[in-house]
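Here the structure comes first, spelled out in structure tokens, and everything after it is commentary.
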Amino acid sequence: MTLDELVQGLRDSRGFAHKRDIGDIVGAFGRALPGGEQAMAQAVANGDDCAAIPDGDGYLLLAIEGLTEDFVARMPWFAGYSGVMVNVSDVAAMGGRPIAVVDALWSYGMDPAEDVVAGMAAASAAYGVPIVGGHSNNRSEKGQLAVAILGRARRLLSSFNARPGDALMMAVDLRGRFEDPYPWWNASTDAPPDRLRRDLALLPWIAETGLCDAAKDISMAGVVGTALMMLECSGVGARIDLGAIPMPPGVPRLRWLTAFPSYGFVFSVRPSKVSALQQAFRERDLACEAIGLVEVGSRVTLTYDGEAGELWDFAEQPFIGSGARGAPLRSSAAR
């Protein structure tokens, strides 16, 4: 594909559309809360993977994920598994360790509840995170699932800390497969639980050792869309080299760029820390590469095969509507 085709494919993707919807909700809260958007901006910086609540010598982390109806209907077991997996990843992306999850499950009798619960239980066991309660409704016309998580961090990784001059980096587990027909790269269900837990433990270690302070879990918007979210929150632009993004062999580039990896993170890293960060992931057989440069300004430019083109300009068009608002000590999740 040409660069123009890749840019258009990203802009038209379902993941980009879902993330852009966040701006509508953020705007609605700004209009509804006392004091409007100004009061909201001062109190709560929307855009991080979890809400970070100061508590003692660290932070409580709180997040929630909802699963799409078609996913729950067609792949209930994996939807249940993913409900836990993505929340654990969100906590790790903030530099934290998970404590427990709760769920809200709607179903028609035990169809698809039985399989959803089995998937959640499998992920709970694999990641060592207990399911401690929730809400159920077995008289619903459609199956739906939302899972919330509580975690704790000593030091934060945040979407609001990217700085001009940083290396934009991606870490990902390429040992997986797509769950067709969806854009979900499954590197989790067949992996040893000990490996899953140790791989996630890298993130709080990175935060606590000071290797990095800016990160984001790669979501349904894919690696480029996730980078856009972090860059917008930090009030910076970037140049991203699509050819530098680590990929599994034989996977079409646009499919990978719009994929949700079960283990994948974007980092904004000070130049002096790049080699150490790479080494930490590579020692665990995880891919980690510099994929771009954080720049002053509002534009995000993509380069590929000798060409360059603008993907987004936050000054002209917000992505999720969460511009830089200072220190995210009371940040809230990106919905």
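Residue numbering restarts at 1 for every chain of the structure tokens, chains are lettered A, B, ... in their displayed order, and ligands are numbered from 1 as they appear.
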
*Residues of region 87-303 of chain A in strand (DSSP E), written as a PyMOL selection string*: chain A and resi 96-108+131-137+139-153+167-172+177-178+184-186+214-217+237-241+260-261+264-269+287-295+299-303

Could you make a table, as a tab-separated table, of the residues of region 181-217 of chain A that have an atom within 8 Å of an atom of region 127-132 of chain A, each with its nearest atom pair and distance in Å to one decimal, counting only C-alpha atoms, in chain and number order?
residue	atom	partner	partner_atom	distance
A:Pro193	CA	A:Tyr127	CA	6.4
A:Leu196	CA	A:Tyr127	CA	6.8
A:Arg197	CA	A:Tyr127	CA	5.9

_Among the residues A:Ala238, A:Ile245, A:Ala308, A:Met169, the one that comes closest to Leu277 (chain A) [using only C-alpha atoms]_ =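 So, comparing all the options, the nearest one is A:Met169.
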
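Proximity of A:Leu203, A:Met229, A:His135, A:Glu310 to Ile22 (chain A), computed with only C-alpha atoms, is greatest for A:Met229.
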
Produce a table with one row for each residue of region 205-260 of chain A that has an atom at most 10 Å from any atom of region 172-176 of chain A, each row naming the nearest atom pair and its distance in Å at one decimal; use only C-alpha atoms; arrange rows by chain and rising residue number; format as a tab-separated table.
residue	atom	partner	partner_atom	distance
A:Ile218	CA	A:Val172	CA	9.1
A:Val223	CA	A:Val172	CA	9.8
A:Ile245	CA	A:Val172	CA	9.8
A:Pro246	CA	A:Val172	CA	7.7
A:Met247	CA	A:Leu174	CA	7.0
A:Pro248	CA	A:Leu174	CA	5.7
A:Pro249	CA	A:Leu174	CA	9.1

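Close contacts of region 140-153 of chain A, defined as residues with an atom at most 6 Å away when counting only C-alpha atoms, with chain neighbours fewer than 3 positions off set aside, comprise Gly58, Tyr59, Leu60, Leu61, Leu62, Ala63, Ile64, Glu65, Gly66, Leu67, Glu69, Gly83, Gly95, Gly96, Arg97, Pro98, Ile99, Ala100, Val101, Val102, Asp103, Ala104, Leu105, Trp106, Ser107 and Tyr108 of chain A.
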